[in-house]
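Structure record follows, encoded as structure tokens.
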Amino acid sequence: MFLKYFEYQESTTNWNLEKFELNKINLIVGQNASGKTKALNAISDLANSISGRSLAQRVLSRRYVAEFEATNKKFLYELSIANELISKEVVEKESKILLNRDQSTVNTIWAEEVGKNIKFQISDDKLACVYKRDKIQHPFLEDLYLWGEALLHYKFGSSLGKDIDDSVNYIDLETISLKDTHKVAGILAKAFNANKDEFKKIIIKDINSLNYQVEDIETKEFKFDVRITSEGKTEEGLKYILLNVKEKNIEHPIIQWEISQGMFRALSLIIQLNYALQSGEPSCIIIDDIGEGLDYERSVAIIKLIIEKAENSNVQLIMSTNDRFVMNNVPLKYWQVIHREGGNCKMLNYNNSKELFDEFEYTGLNNFDFFTSKFYLEKIEDLKD
């Protein structure tokens, strides 16, 4: 099930992302503070909410509308939160209302066994799509859950598991999930437990395609006699898992804390993406600030690698960047150009602005110049009319 359309509003802050269409592969581009990260966070928050991991931040009044497509069937989910309570929740499939929850009406949900909508009551601080989930009576909710549960969100500009506080102890290894994107050492250990030799070959091949010279990668046991966590807790005698990388022409392996930040980010993302794809394909992969901290050559190479993996899978890919090198090497057909005026954001893409994109390609300019071209500015003015 792919996310086909998305829109989002925050009434508390008067921030609005207008409805836009997504493709299988998407690169959100825009100037600083245009809303790239906010748009990705909104999609991720919705996924976490409907999978039951956490309810979308309730301190703000928010509205999400997500339209999905699965085997040519349309599936819509709408959620509104006001004053920390759920004010509206709707599920619609093929123009048929299967869940209708509104503070001004009686709540109803489609029940498979009786073949009709039935009334239900639920606390205003709980999502019906989570608490009414039932494969027998309400199987349509399972589609929503599986999409939300399988979405993965990587923040490329973060440490991605390099910091000491991201260390994984053997006790917690089995509980680590794909969504624990800062626990890469534990994810690598789980991958090695499943098929070490084959997985190691893939990781070394992928990281070296970015012009690194990695000869081997291993997990290393490290024991802290006493360790104080970032929360101030004291731990004694626990064994932790760390990454070790052996580079060509360097005598000794390098422990994860000593790996350069750029190389570690690339390695962490490669490990996690490959494990995710082998463990049961995710529904959607979100990568914020892709290429951040990498040089030109490696930024281009990692983008190419990720797009190739997405194209050869059933995964939807949504990335963001404001790096000119990344933009210049990602075809315009994948672009989602976000433009912000005040609190209102619009997305320009090949679906809603085909003539604009086609005309720009004939100019011979670099993709990055799209932002400063008259074509882009004129299109924004057209959308106002």
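Labels used: A, B, ... for chains in the order of the structure tokens, numbers from 1 for residues in each chain, and numbers from 1 for ligands as shown.
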
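Residue neighbourhood of Asn366 in chain A, excluding near-sequence residues (fewer than 5 positions): Met327, Asn328 and Glu361 of chain A, at 9 Å, using only C-alpha atoms.
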
Within 8 Å of Lys93 in chain A, counting only C-alpha atoms, which residues qualify if same-chain residues fewer than 5 places away don't, as a compact mmCIF listing (two decimals) with C-alpha atoms, in the first residue's frame?
# COMPACT_ATOMS: atom_id res chain seq x y z
CA LYS A 73 -7.92 0.57 -4.97
CA LYS A 74 -8.15 3.83 -3.06
CA PHE A 75 -7.94 3.94 0.71
CA LEU A 76 -8.34 7.16 2.71
CA LEU A 98 -15.87 2.07 7.01

Best match for closeness to Gly161 in chain A among A:Ser268, A:Thr219, A:Thr363, A:Ser87, counting only C-alpha atoms: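 Residue with the minimum atom-to-atom distance to Gly161 in chain A: A:Ser268.
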
Spatial neighbours of Phe20 in chain A, 7 Å, only C-alpha atoms, chain gap at least 5 places, as a ChimeraX atom specification: /A:5-7,347

DSSP strand (DSSP E) residues within range 228-381 of chain A, listed as a ChimeraX atom specification: /A:228,234-236,239-247,254-255,284-288,316-321,335-341,344-349

Would you mind exporting N, CA and C atoms of the selected residues as a compact mmCIF listing (two decimals), in the first residue's frame?
# COMPACT_ATOMS: atom_id res chain seq x y z
N ILE A 228 27.42 5.20 33.15
CA ILE A 228 26.32 6.10 33.51
C ILE A 228 25.64 6.55 32.23
N THR A 234 22.92 4.21 36.50
CA THR A 234 24.21 3.52 36.61
C THR A 234 24.04 2.05 36.23
N GLU A 235 24.87 1.59 35.28
CA GLU A 235 24.85 0.20 34.85
C GLU A 235 26.22 -0.41 35.12
N GLU A 236 26.22 -1.64 35.59
CA GLU A 236 27.48 -2.30 35.93
C GLU A 236 27.59 -3.65 35.22
N LYS A 239 27.54 -6.21 28.88
CA LYS A 239 28.29 -6.37 27.65
C LYS A 239 27.55 -5.68 26.50
N TYR A 240 28.27 -4.84 25.78
CA TYR A 240 27.67 -4.07 24.69
C TYR A 240 28.23 -4.50 23.34
N ILE A 241 27.44 -4.23 22.31
CA ILE A 241 27.83 -4.55 20.94
C ILE A 241 28.22 -3.26 20.22
N LEU A 242 29.39 -3.25 19.61
CA LEU A 242 29.86 -2.10 18.87
C LEU A 242 30.28 -2.55 17.46
N LEU A 243 30.33 -1.59 16.54
CA LEU A 243 30.80 -1.87 15.18
C LEU A 243 32.31 -1.72 15.11
N ASN A 244 32.92 -2.58 14.36
CA ASN A 244 34.35 -2.50 14.06
C ASN A 244 34.52 -2.55 12.56
N VAL A 245 35.29 -1.62 12.00
CA VAL A 245 35.51 -1.58 10.56
C VAL A 245 37.01 -1.69 10.28
N LYS A 246 37.37 -2.58 9.37
CA LYS A 246 38.76 -2.74 8.94
C LYS A 246 38.89 -2.17 7.54
N GLU A 247 39.71 -1.12 7.42
CA GLU A 247 39.95 -0.52 6.11
C GLU A 247 41.23 -1.06 5.50
N ILE A 254 38.88 -0.21 13.20
CA ILE A 254 38.47 1.05 13.84
C ILE A 254 37.14 0.83 14.53
N ILE A 255 37.07 1.18 15.82
CA ILE A 255 35.83 1.04 16.56
C ILE A 255 34.90 2.18 16.16
N CYS A 284 7.41 2.02 3.36
CA CYS A 284 7.90 3.33 2.96
C CYS A 284 9.19 3.62 3.72
N ILE A 285 10.16 4.19 3.04
CA ILE A 285 11.41 4.60 3.67
C ILE A 285 11.53 6.11 3.54
N ILE A 286 11.70 6.79 4.66
CA ILE A 286 11.88 8.23 4.70
C ILE A 286 13.32 8.52 5.11
N ILE A 287 14.00 9.36 4.35
CA ILE A 287 15.37 9.76 4.69
C ILE A 287 15.46 11.27 4.63
N ASP A 288 15.69 11.88 5.78
CA ASP A 288 15.79 13.34 5.86
C ASP A 288 17.25 13.76 5.73
N GLN A 316 8.26 2.36 -1.21
CA GLN A 316 8.14 3.77 -1.60
C GLN A 316 9.24 4.54 -0.88
N LEU A 317 9.92 5.42 -1.59
CA LEU A 317 11.05 6.17 -1.05
C LEU A 317 10.73 7.65 -1.04
N ILE A 318 10.90 8.28 0.13
CA ILE A 318 10.70 9.73 0.26
C ILE A 318 11.93 10.30 0.95
N MET A 319 12.67 11.15 0.23
CA MET A 319 13.89 11.75 0.77
C MET A 319 13.76 13.27 0.75
N SER A 320 14.64 13.93 1.47
CA SER A 320 14.69 15.39 1.41
C SER A 320 16.14 15.84 1.37
N THR A 321 16.37 17.02 0.78
CA THR A 321 17.71 17.61 0.74
C THR A 321 17.61 19.08 0.37
N TRP A 335 11.33 14.85 -8.27
CA TRP A 335 11.33 16.03 -7.38
C TRP A 335 9.94 16.36 -6.83
N GLN A 336 9.95 16.80 -5.57
CA GLN A 336 8.81 17.47 -4.94
C GLN A 336 9.36 18.80 -4.44
N VAL A 337 9.04 19.89 -5.12
CA VAL A 337 9.58 21.19 -4.76
C VAL A 337 8.62 21.85 -3.77
N ILE A 338 9.09 22.06 -2.55
CA ILE A 338 8.24 22.68 -1.54
C ILE A 338 8.51 24.18 -1.51
N HIS A 339 7.43 24.94 -1.57
CA HIS A 339 7.51 26.40 -1.56
C HIS A 339 6.62 26.92 -0.44
N ARG A 340 7.20 27.74 0.41
CA ARG A 340 6.48 28.23 1.58
C ARG A 340 6.29 29.74 1.51
N GLU A 341 5.06 30.17 1.78
CA GLU A 341 4.75 31.58 1.94
C GLU A 341 4.00 31.71 3.26
N ASN A 344 1.86 28.72 4.76
CA ASN A 344 1.26 27.88 3.73
C ASN A 344 2.33 27.30 2.81
N CYS A 345 2.28 25.97 2.62
CA CYS A 345 3.27 25.29 1.79
C CYS A 345 2.60 24.56 0.63
N LYS A 346 3.21 24.69 -0.55
CA LYS A 346 2.73 23.99 -1.73
C LYS A 346 3.85 23.09 -2.24
N MET A 347 3.47 21.99 -2.87
CA MET A 347 4.43 21.11 -3.52
C MET A 347 4.25 21.19 -5.03
N LEU A 348 5.33 21.46 -5.74
CA LEU A 348 5.33 21.38 -7.20
C LEU A 348 6.03 20.09 -7.59
N ASN A 349 5.43 19.34 -8.49
CA ASN A 349 6.03 18.09 -8.94
C ASN A 349 5.63 17.84 -10.40

Long-range neighbours of range 143-151 of chain A as a ChimeraX atom specification, 9 Å cut-off, only C-alpha atoms, 6 positions minimum in chain: /A:1-3,44,46-53,77,129-130,133,178-179,280-286

DSSP helix (DSSP H, G or I) residues within range 150-246 of chain A, listed as a VMD selection string: chain A and resid 150 164 to 166 170 to 175 184 to 208

Polymer residues at most 12 Å from Ser279 in chain A, only C-alpha atoms, same-chain spacing of 5 or more positions, as a ChimeraX atom specification: /A:150,177-178,187,190-191,194-195,199,272-274

Interatomic distance (Å, one decimal) between CA of Arg63 in chain A and CA of Gln9 in chain A: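 It comes out at 5.2 Å.
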
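CA of Ser34 in chain A is positioned 26.3 Å from CA of His182 in chain A.
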